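Each remark here refers to the structure printed beneath this line.
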Amino acid sequence: MTPTTSSKRRIVLHDMTLRDGMHAKREQISVEQMVKVARGLDAAGVPWTQVTHGAGLGGNSLQHGRALHSNEAYIAAVAEVLTKTKISVLLIPGLGTMKELEAAHAAGARGVHCATHCTEADTARQHIGFARKLGMDTSGFLMMAHLNTPEGIAEQGRLMESYGANVVYVTDSAGYMLPADVTARIGRLREVLNPETEIGFHGHHNLGMGIANSLAAIEAGATRIDASVAGLGAGAGNTPLEVFVAVCDRMGLDTGCDLFTLMDLAEDVIVPMMDHLVRIDRASLTLGYAGVYSTFLLHAKRAADKFGIPARDILVELGAKKMIGGQEDMIDDTAMTMAKERGLLGSEIVVR
Amino acid sequence: MSKIKCALIGSGNIGTDLIYKLKRSPVLEPVWMVGIDPTSEGLARARDMGLKTTAEGVDGLLPHVAADGIQIAFDATSAYVHAENSRKLNALGVLMIDLTPAAIGPLCVPPVNLAEHAAKLEMNVNMISCAGQATIPIVHAVSRVQSVDYAEIIASLASKSVGPGTRANLDEFTYTTSNAICAVGGAKTGKAIAIVNPAEPPLIMRNTIYCETAETPDAAAIDASVKEIIGRVQAYVPGYRLVNGPVFEGNRVAVYLEVAGLGDYLPRYAGNLDIMTAAATRTAEMFAEEILAGKITLSPVKAA
């Protein structure tokens, strides 16, 4: 990609540290930590930060884990310290509801990613419409986008636009896509969406493609990129925000973000917060290679400990069974079924 | 043996599947199908199967209720028109089985509280939601052993089995089911989660039920209770199957189910739709048995 010489192209960065990062922290980020990170993002000039349970509104559950605080408590605490950065939330219909969106808005949220599996956009119609009625910046967020064709993504994106979304995202939840996959999907979306509708890309770094895929997205017409500081996120993490800002600076893309502030935040605050080093290990590489939802990683590792089946085997089986985001219950279920097949589990009552 | 005559309101997939189930019933007979589109495939199929049909909505049925001896109606239309349909038919002494999310009558899950509703001679009973029918028996099976502070259910549905009505109104599904987990299942608080999975070939409906008990769970008693109730659901949904569990971790009880349909009109993977029509049929049969035994008599309901 060649830098434009006349005026710098503007890219809107959307921080995921305090939402996708919740997955990597098993939903255990404290309010104090959130506030500290949010101050850093605000100082660095990051325009948006997403604040919720990793699974979004309604995420507090046995299925997705319980966070230390309610979404409203996190949002209100972060909203209090921000001066420029705006707060968004994640809402997955079927899990989160409009009541919860209204409460998040009242607590200070001004944007929302309304997320569906990449073929099920019509389950978000009422939520997208309601978010616009609240005056929120509203993204239609097509998850596991590698499981739909460029043409299919274009159709689903058109639906989300017709419900009122002002941004449509291609979301590589499994970290499976290669730059050509991103180019094809975003290029086709750009052809069918209204010119004023923006396009976003949300990457995971399971194959190390977070930066390359985000650049491919921009080249194909995206103007919004999701990323997280030091990559704190599900699987091998998201596109690392500070690295992406450095690359954009070098390429002459205008993010409005201060690189040194972000690299200090990564090194001094985020990395010390990590429970495990968020990196491409064999399990997260398996996610990217097999096309499995990144959030399944830590659940699969826990199921491996419980039932004696390697996490990699469980992840491959979940991919083969075509499980999608939100089906975390199927991880223990699949591990138990595999343990029975391998003679590790009988018909006794399982008490742990 | 004489049978209780029934009308089906709504000529879509659910109404059509109900024809098959009612035709098999020893105590029910489908006589009328009500639609709103004279060219609908559902009405044509109903006529082929020997039913009388009208395309003029419930008003097209009302003049025939007395002459044809209709005593039970199934409403598979939408929450928006159900209240009006129910009022008109109740006024003629017809019992209403509500398969919409309207829920103006008491919520019914056959193995949990059907006998109670039949004893009270309720004139309108609501079938909640597919996820409710699949999961509430298990919540009840745990809560009848010991107190459940919180129950959470996850229903995974094949994309092809989720119709436009549900898609346009997922929040309604969430609220209705969460409420019924408490009101019928007996949990103190409840949460329902729905997943729509587009895999091909379509995945059979899956349900996971988590219950958190107030005290340490009595594993043996809960295991027996869960297996007993699964047997009772299998009496009307043979494809209702325990895949894994109950698994006990601390105070959490987890049960993993699969629900395959009978494949009457709807495909087998759509266990979510099948369990609604099967539960509705089972509910109507219970009332029909009481009517035929002379234990209850339906009478017109005066408008309030």
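Each chain of the structure tokens is named A, B, ... in the order shown, its residues numbered from 1; ligands are numbered from 1 in display order.
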Self-check item: Residues of chain B within 10 Å of chain A, counting only C-alpha atoms, as a PyMOL selection string
Solution: chain B and resi 150-156+159+162+164-175+191-203+206-212+217+219-220+223+243-257
Take the residues from that selection and write them out as a PDB file, in the first residue's frame, keeping C-alpha atoms.
```pdb
ATOM      1  CA  TYR B 150     -30.252 -19.891  39.833  1.00  0.00           C
ATOM      2  CA  ALA B 151     -30.925 -21.841  36.663  1.00  0.00           C
ATOM      3  CA  GLU B 152     -29.467 -21.047  33.259  1.00  0.00           C
ATOM      4  CA  ILE B 153     -30.343 -22.737  29.976  1.00  0.00           C
ATOM      5  CA  ILE B 154     -28.632 -22.625  26.601  1.00  0.00           C
ATOM      6  CA  ALA B 155     -30.627 -23.724  23.554  1.00  0.00           C
ATOM      7  CA  SER B 156     -28.751 -24.264  20.276  1.00  0.00           C
ATOM      8  CA  SER B 159     -30.720 -21.902  11.636  1.00  0.00           C
ATOM      9  CA  VAL B 162     -35.799 -20.660  13.353  1.00  0.00           C
ATOM     10  CA  PRO B 164     -38.808 -15.054  10.852  1.00  0.00           C
ATOM     11  CA  GLY B 165     -41.042 -14.358  13.861  1.00  0.00           C
ATOM     12  CA  THR B 166     -38.497 -15.637  16.367  1.00  0.00           C
ATOM     13  CA  ARG B 167     -35.628 -13.937  14.540  1.00  0.00           C
ATOM     14  CA  ALA B 168     -37.343 -10.570  14.567  1.00  0.00           C
ATOM     15  CA  ASN B 169     -38.073 -10.882  18.272  1.00  0.00           C
ATOM     16  CA  LEU B 170     -35.304 -12.767  20.067  1.00  0.00           C
ATOM     17  CA  ASP B 171     -35.650 -10.621  23.193  1.00  0.00           C
ATOM     18  CA  GLU B 172     -39.228 -11.821  23.648  1.00  0.00           C
ATOM     19  CA  PHE B 173     -37.985 -15.425  23.540  1.00  0.00           C
ATOM     20  CA  THR B 174     -35.345 -14.569  26.166  1.00  0.00           C
ATOM     21  CA  TYR B 175     -37.767 -12.851  28.543  1.00  0.00           C
ATOM     22  CA  LYS B 191     -31.529 -16.886  32.480  1.00  0.00           C
ATOM     23  CA  ALA B 192     -32.139 -18.185  28.953  1.00  0.00           C
ATOM     24  CA  ILE B 193     -29.644 -18.023  26.085  1.00  0.00           C
ATOM     25  CA  ALA B 194     -30.379 -18.896  22.448  1.00  0.00           C
ATOM     26  CA  ILE B 195     -27.818 -19.750  19.761  1.00  0.00           C
ATOM     27  CA  VAL B 196     -28.708 -20.009  16.073  1.00  0.00           C
ATOM     28  CA  ASN B 197     -26.231 -22.296  14.290  1.00  0.00           C
ATOM     29  CA  PRO B 198     -26.251 -22.455  10.459  1.00  0.00           C
ATOM     30  CA  ALA B 199     -24.161 -25.645  10.068  1.00  0.00           C
ATOM     31  CA  GLU B 200     -24.990 -27.955   7.145  1.00  0.00           C
ATOM     32  CA  PRO B 201     -26.265 -30.579   7.532  1.00  0.00           C
ATOM     33  CA  PRO B 202     -28.337 -28.877  10.233  1.00  0.00           C
ATOM     34  CA  LEU B 203     -27.465 -29.749  13.829  1.00  0.00           C
ATOM     35  CA  ARG B 206     -29.112 -29.147  21.804  1.00  0.00           C
ATOM     36  CA  ASN B 207     -29.917 -27.883  25.286  1.00  0.00           C
ATOM     37  CA  THR B 208     -27.687 -27.383  28.284  1.00  0.00           C
ATOM     38  CA  ILE B 209     -29.198 -26.797  31.700  1.00  0.00           C
ATOM     39  CA  TYR B 210     -27.164 -25.447  34.626  1.00  0.00           C
ATOM     40  CA  CYS B 211     -28.693 -25.297  38.094  1.00  0.00           C
ATOM     41  CA  GLU B 212     -26.990 -23.781  41.125  1.00  0.00           C
ATOM     42  CA  PRO B 217     -26.289 -31.015  45.701  1.00  0.00           C
ATOM     43  CA  ALA B 219     -25.942 -36.121  43.476  1.00  0.00           C
ATOM     44  CA  ALA B 220     -27.685 -39.490  43.675  1.00  0.00           C
ATOM     45  CA  ASP B 223     -29.427 -37.980  39.069  1.00  0.00           C
ATOM     46  CA  VAL B 243     -26.131 -36.849  26.123  1.00  0.00           C
ATOM     47  CA  ASN B 244     -23.977 -36.080  29.176  1.00  0.00           C
ATOM     48  CA  GLY B 245     -24.512 -35.480  32.880  1.00  0.00           C
ATOM     49  CA  PRO B 246     -25.816 -34.705  35.329  1.00  0.00           C
ATOM     50  CA  VAL B 247     -22.320 -33.431  36.176  1.00  0.00           C
ATOM     51  CA  PHE B 248     -21.768 -31.956  39.622  1.00  0.00           C
ATOM     52  CA  GLU B 249     -19.117 -29.278  40.217  1.00  0.00           C
ATOM     53  CA  GLY B 250     -19.460 -27.600  43.585  1.00  0.00           C
ATOM     54  CA  ASN B 251     -23.075 -26.446  43.757  1.00  0.00           C
ATOM     55  CA  ARG B 252     -23.477 -26.471  39.962  1.00  0.00           C
ATOM     56  CA  VAL B 253     -25.441 -29.232  38.276  1.00  0.00           C
ATOM     57  CA  ALA B 254     -25.027 -29.484  34.472  1.00  0.00           C
ATOM     58  CA  VAL B 255     -27.233 -31.542  32.150  1.00  0.00           C
ATOM     59  CA  TYR B 256     -26.640 -31.857  28.395  1.00  0.00           C
ATOM     60  CA  LEU B 257     -29.566 -32.883  26.174  1.00  0.00           C
TER      61      LEU B 257
END
```
Excluding same-chain residues fewer than 4 positions from region 36-46 of chain A, what lies within 7 Å of it counting only C-alpha atoms, as a PDB file with C-alpha atoms, in the first residue's frame?
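That gives us around_17.pdb:
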```pdb
ATOM      1  CA  LEU A  13      -9.141   2.741  16.037  1.00  0.00           C
ATOM      2  CA  GLU A  32      -9.385  -0.057  39.323  1.00  0.00           C
ATOM      3  CA  VAL A  78     -14.653   4.232  33.031  1.00  0.00           C
ATOM      4  CA  VAL A  81     -12.391   9.360  33.849  1.00  0.00           C
ATOM      5  CA  LEU A  82     -12.545   9.695  30.067  1.00  0.00           C
ATOM      6  CA  THR A  83     -12.148  13.113  28.508  1.00  0.00           C
ATOM      7  CA  LYS A  84     -12.226  12.345  24.768  1.00  0.00           C
ATOM      8  CA  THR A  85     -12.391   8.584  24.293  1.00  0.00           C
ATOM      9  CA  GLY A 256      -4.686  10.322  15.892  1.00  0.00           C
ATOM     10  CA  CYS A 257      -3.049   8.080  18.516  1.00  0.00           C
ATOM     11  CA  ASP A 258       0.241   8.627  20.305  1.00  0.00           C
ATOM     12  CA  THR A 261       1.972   6.551  25.263  1.00  0.00           C
ATOM     13  CA  LEU A 262       0.494   3.314  23.945  1.00  0.00           C
ATOM     14  CA  LEU A 265       0.681   1.399  28.495  1.00  0.00           C
TER      15      LEU A 265
END
```
Practice problem: Apply DSSP to the backbone of this structure and, from region 96-212 of chain A, keep only the residues in strand (DSSP E or B); write these as an MDAnalysis selection string. | Solution: chainID A and resid 96 111:117 137:143 167:171 198:202 204
Write to file, as a compact mmCIF listing (two decimals), in the first residue's frame, the residues of the selection just made, with N, CA and C atoms.
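Output (again-v9.txt):
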```txt
# COMPACT_ATOMS: atom_id res chain seq x y z
N GLY A 96 -27.60 -10.94 25.03
CA GLY A 96 -27.93 -9.62 25.56
C GLY A 96 -29.27 -9.15 25.01
N GLY A 111 -21.61 3.78 21.89
CA GLY A 111 -21.53 2.99 20.67
C GLY A 111 -21.82 1.54 21.00
N VAL A 112 -22.16 0.75 19.97
CA VAL A 112 -22.42 -0.68 20.21
C VAL A 112 -22.02 -1.50 19.00
N HIS A 113 -21.39 -2.63 19.26
CA HIS A 113 -21.20 -3.66 18.23
C HIS A 113 -22.36 -4.63 18.39
N CYS A 114 -23.32 -4.63 17.46
CA CYS A 114 -24.41 -5.61 17.50
C CYS A 114 -23.93 -6.82 16.71
N ALA A 115 -23.66 -7.92 17.42
CA ALA A 115 -22.93 -9.04 16.81
C ALA A 115 -23.82 -10.25 16.57
N THR A 116 -23.70 -10.81 15.37
CA THR A 116 -24.36 -12.08 15.08
C THR A 116 -23.36 -12.97 14.37
N HIS A 117 -23.64 -14.27 14.36
CA HIS A 117 -22.88 -15.15 13.47
C HIS A 117 -23.06 -14.61 12.05
N ASP A 137 -23.62 5.15 18.09
CA ASP A 137 -22.83 4.73 16.93
C ASP A 137 -23.01 3.21 16.85
N THR A 138 -23.58 2.72 15.74
CA THR A 138 -24.04 1.34 15.72
C THR A 138 -23.35 0.52 14.63
N SER A 139 -22.61 -0.49 15.07
CA SER A 139 -21.94 -1.38 14.13
C SER A 139 -22.67 -2.71 14.05
N GLY A 140 -22.87 -3.20 12.84
CA GLY A 140 -23.29 -4.58 12.65
C GLY A 140 -22.02 -5.41 12.58
N PHE A 141 -21.92 -6.45 13.40
CA PHE A 141 -20.63 -7.12 13.64
C PHE A 141 -20.78 -8.58 13.22
N LEU A 142 -20.28 -8.94 12.04
CA LEU A 142 -20.51 -10.28 11.48
C LEU A 142 -19.37 -11.21 11.92
N MET A 143 -19.68 -12.04 12.93
CA MET A 143 -18.65 -12.89 13.54
C MET A 143 -18.37 -14.14 12.70
N VAL A 167 -22.04 1.26 10.59
CA VAL A 167 -20.78 0.58 10.31
C VAL A 167 -21.09 -0.91 10.16
N VAL A 168 -20.41 -1.58 9.23
CA VAL A 168 -20.52 -3.04 9.14
C VAL A 168 -19.12 -3.62 9.30
N TYR A 169 -19.00 -4.57 10.23
CA TYR A 169 -17.71 -5.18 10.52
C TYR A 169 -17.58 -6.57 9.92
N VAL A 170 -16.40 -6.87 9.40
CA VAL A 170 -16.00 -8.24 9.10
C VAL A 170 -15.17 -8.68 10.29
N THR A 171 -15.61 -9.73 10.96
CA THR A 171 -15.02 -10.14 12.24
C THR A 171 -14.39 -11.52 12.10
N GLU A 198 -19.73 3.02 6.99
CA GLU A 198 -18.32 2.65 7.16
C GLU A 198 -18.16 1.14 7.26
N ILE A 199 -16.93 0.68 7.03
CA ILE A 199 -16.62 -0.74 7.16
C ILE A 199 -15.51 -0.90 8.19
N GLY A 200 -15.65 -1.94 9.03
CA GLY A 200 -14.64 -2.20 10.05
C GLY A 200 -14.09 -3.61 9.92
N PHE A 201 -12.93 -3.81 10.56
CA PHE A 201 -12.34 -5.16 10.62
C PHE A 201 -11.88 -5.43 12.05
N HIS A 202 -12.22 -6.63 12.52
CA HIS A 202 -11.82 -7.07 13.87
C HIS A 202 -11.03 -8.36 13.71
N HIS A 204 -8.11 -11.43 14.95
CA HIS A 204 -7.43 -12.17 16.01
C HIS A 204 -6.11 -12.68 15.44
```
Practice problem: Please provide the set of residues having any atom within 10 Å of Lys227 (chain B), restricted to only C-alpha atoms, with same-chain residues fewer than 2 positions apart removed, written as a VMD selection string. | Solution: chain B and resid 138 141 222 to 225 229 to 232 241 to 242 246
Quiz item: Nearest to Ala184 (chain A): which of A:Leu315, A:Leu101, A:Ala24, A:Ala220 is it, counting only C-alpha atoms?
Solution: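 Once distances to Ala184 (chain A) are computed over only C-alpha atoms, the minimum belongs to A:Ala220.
Here CA of Ile291 (chain B) is placed at a distance of 23.7 Å from CA of Val237 (chain B).
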Residues near region 43-46 of chain B, cut-off 8 Å, only C-alpha atoms, skip fewer than 2 positions along chain, as a PDB file with N, CA and C atoms, in the first residue's frame:
```
ATOM      1  N   SER B  11     -51.642 -21.774   9.414  1.00  0.00           N
ATOM      2  CA  SER B  11     -51.432 -22.857   8.444  1.00  0.00           C
ATOM      3  C   SER B  11     -49.968 -22.999   8.058  1.00  0.00           C
ATOM      4  N   THR B  16     -49.193 -27.373  10.391  1.00  0.00           N
ATOM      5  CA  THR B  16     -49.171 -28.563   9.544  1.00  0.00           C
ATOM      6  C   THR B  16     -48.637 -29.776  10.312  1.00  0.00           C
ATOM      7  N   ILE B  19     -51.239 -31.376  12.499  1.00  0.00           N
ATOM      8  CA  ILE B  19     -52.216 -32.280  11.856  1.00  0.00           C
ATOM      9  C   ILE B  19     -51.745 -33.722  12.010  1.00  0.00           C
ATOM     10  N   MET B  33     -58.776 -26.310   9.780  1.00  0.00           N
ATOM     11  CA  MET B  33     -57.560 -25.499   9.794  1.00  0.00           C
ATOM     12  C   MET B  33     -57.904 -24.095   9.318  1.00  0.00           C
ATOM     13  N   VAL B  34     -57.405 -23.102  10.072  1.00  0.00           N
ATOM     14  CA  VAL B  34     -57.709 -21.706   9.807  1.00  0.00           C
ATOM     15  C   VAL B  34     -56.459 -20.992   9.293  1.00  0.00           C
ATOM     16  N   GLY B  35     -56.594 -20.308   8.154  1.00  0.00           N
ATOM     17  CA  GLY B  35     -55.488 -19.510   7.628  1.00  0.00           C
ATOM     18  C   GLY B  35     -55.979 -18.125   7.279  1.00  0.00           C
ATOM     19  N   PRO B  38     -55.839 -17.573   1.024  1.00  0.00           N
ATOM     20  CA  PRO B  38     -56.513 -18.678   0.314  1.00  0.00           C
ATOM     21  C   PRO B  38     -55.565 -19.498  -0.553  1.00  0.00           C
ATOM     22  N   THR B  39     -54.419 -18.919  -0.935  1.00  0.00           N
ATOM     23  CA  THR B  39     -53.490 -19.661  -1.796  1.00  0.00           C
ATOM     24  C   THR B  39     -52.403 -20.391  -0.995  1.00  0.00           C
ATOM     25  N   SER B  40     -52.529 -20.368   0.349  1.00  0.00           N
ATOM     26  CA  SER B  40     -51.439 -20.944   1.148  1.00  0.00           C
ATOM     27  C   SER B  40     -51.318 -22.452   0.928  1.00  0.00           C
ATOM     28  N   GLU B  41     -50.075 -22.892   0.907  1.00  0.00           N
ATOM     29  CA  GLU B  41     -49.790 -24.324   0.748  1.00  0.00           C
ATOM     30  C   GLU B  41     -50.334 -25.122   1.912  1.00  0.00           C
ATOM     31  N   ASP B  48     -56.163 -31.685   1.565  1.00  0.00           N
ATOM     32  CA  ASP B  48     -55.771 -33.020   1.071  1.00  0.00           C
ATOM     33  C   ASP B  48     -55.831 -34.056   2.181  1.00  0.00           C
ATOM     34  N   MET B  49     -55.560 -33.603   3.405  1.00  0.00           N
ATOM     35  CA  MET B  49     -55.555 -34.529   4.531  1.00  0.00           C
ATOM     36  C   MET B  49     -56.935 -34.662   5.165  1.00  0.00           C
ATOM     37  N   GLY B  50     -57.936 -34.057   4.516  1.00  0.00           N
ATOM     38  CA  GLY B  50     -59.310 -34.273   4.953  1.00  0.00           C
ATOM     39  C   GLY B  50     -59.867 -33.247   5.920  1.00  0.00           C
ATOM     40  N   LEU B  51     -59.149 -32.143   6.131  1.00  0.00           N
ATOM     41  CA  LEU B  51     -59.664 -31.123   7.045  1.00  0.00           C
ATOM     42  C   LEU B  51     -60.505 -30.098   6.300  1.00  0.00           C
ATOM     43  N   LYS B  52     -61.435 -29.466   7.015  1.00  0.00           N
ATOM     44  CA  LYS B  52     -62.141 -28.316   6.463  1.00  0.00           C
ATOM     45  C   LYS B  52     -61.239 -27.104   6.663  1.00  0.00           C
ATOM     46  N   THR B  53     -61.300 -26.155   5.740  1.00  0.00           N
ATOM     47  CA  THR B  53     -60.412 -24.998   5.878  1.00  0.00           C
ATOM     48  C   THR B  53     -61.165 -23.698   5.636  1.00  0.00           C
ATOM     49  N   THR B  54     -60.632 -22.632   6.215  1.00  0.00           N
ATOM     50  CA  THR B  54     -61.099 -21.287   5.913  1.00  0.00           C
ATOM     51  C   THR B  54     -59.885 -20.399   5.796  1.00  0.00           C
ATOM     52  N   ALA B  55     -59.945 -19.410   4.903  1.00  0.00           N
ATOM     53  CA  ALA B  55     -58.859 -18.446   4.761  1.00  0.00           C
ATOM     54  C   ALA B  55     -59.274 -17.107   5.339  1.00  0.00           C
TER      55      ALA B  55
END
```
Practice problem: Would you list the contacts of Val245 (chain A) as a list in words, taking every protein, DNA or RNA residue within 8 Å and counting only C-alpha atoms, but skipping same-chain residues closer than 2 positions in sequence? | Solution: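 So, after excluding close chain neighbours, the residues are Leu241, Glu242, Val243, Val247, Cys248, Asp249, Thr255, Cys257, Asp258 and Leu259 of chain A.
Among the candidates B:Ala288, B:Ile4, B:Leu89, B:Ala180, the residue lying nearest to Cys108 (chain B) is B:Ala180 (atoms considered: only C-alpha atoms).
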Quiz item: Which of these, B:Ser2, B:Ser299, B:Thr216, B:Thr277, has the shortest distance to Asp264 (chain B) once you count only C-alpha atoms?
Solution: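 Nearest to Asp264 (chain B): B:Thr277.
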Exercise. From region 147-185 of chain B, collect each residue whose DSSP state is helix (DSSP H, G or I) and return the set as a PyMOL selection string.
Key: chain B and resi 159-161+164-168+170-183
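The list of residues with at least one atom within 12 Å of Tyr80 (chain B), based on only C-alpha atoms and without residues fewer than 2 positions apart in the same chain, reads Asp75, Ala76, Thr77, Ser78, His82, Ala83, Glu84, Asn85, Ser86, Thr100, Pro101, Ala102, Ala103, Ile104 and Gly165 of chain B.
Distance-wise, CA of Asn194 (chain A) and CA of Ala55 (chain A) end up 29.5 Å apart.
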Quiz prompt | Straight-line distance linking CA of Ala119 (chain B) with CA of Ile97 (chain B), stated in Å to one decimal | solution =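 Computed distance, CA of Ala119 (chain B) to CA of Ile97 (chain B), equals 15.5 Å.
Near region 275-292 of chain A, within a cut-off of 7 Å and counting only C-alpha atoms, sit the residues Lys25, Ala174, Gly175, Tyr176, Asn206, Leu207, Leu232, Gly235, Ala236, Gly237, Ala311, Arg312, Leu315, Val316 and Gly319 of chain A, with same-chain residues fewer than 6 positions away left out.
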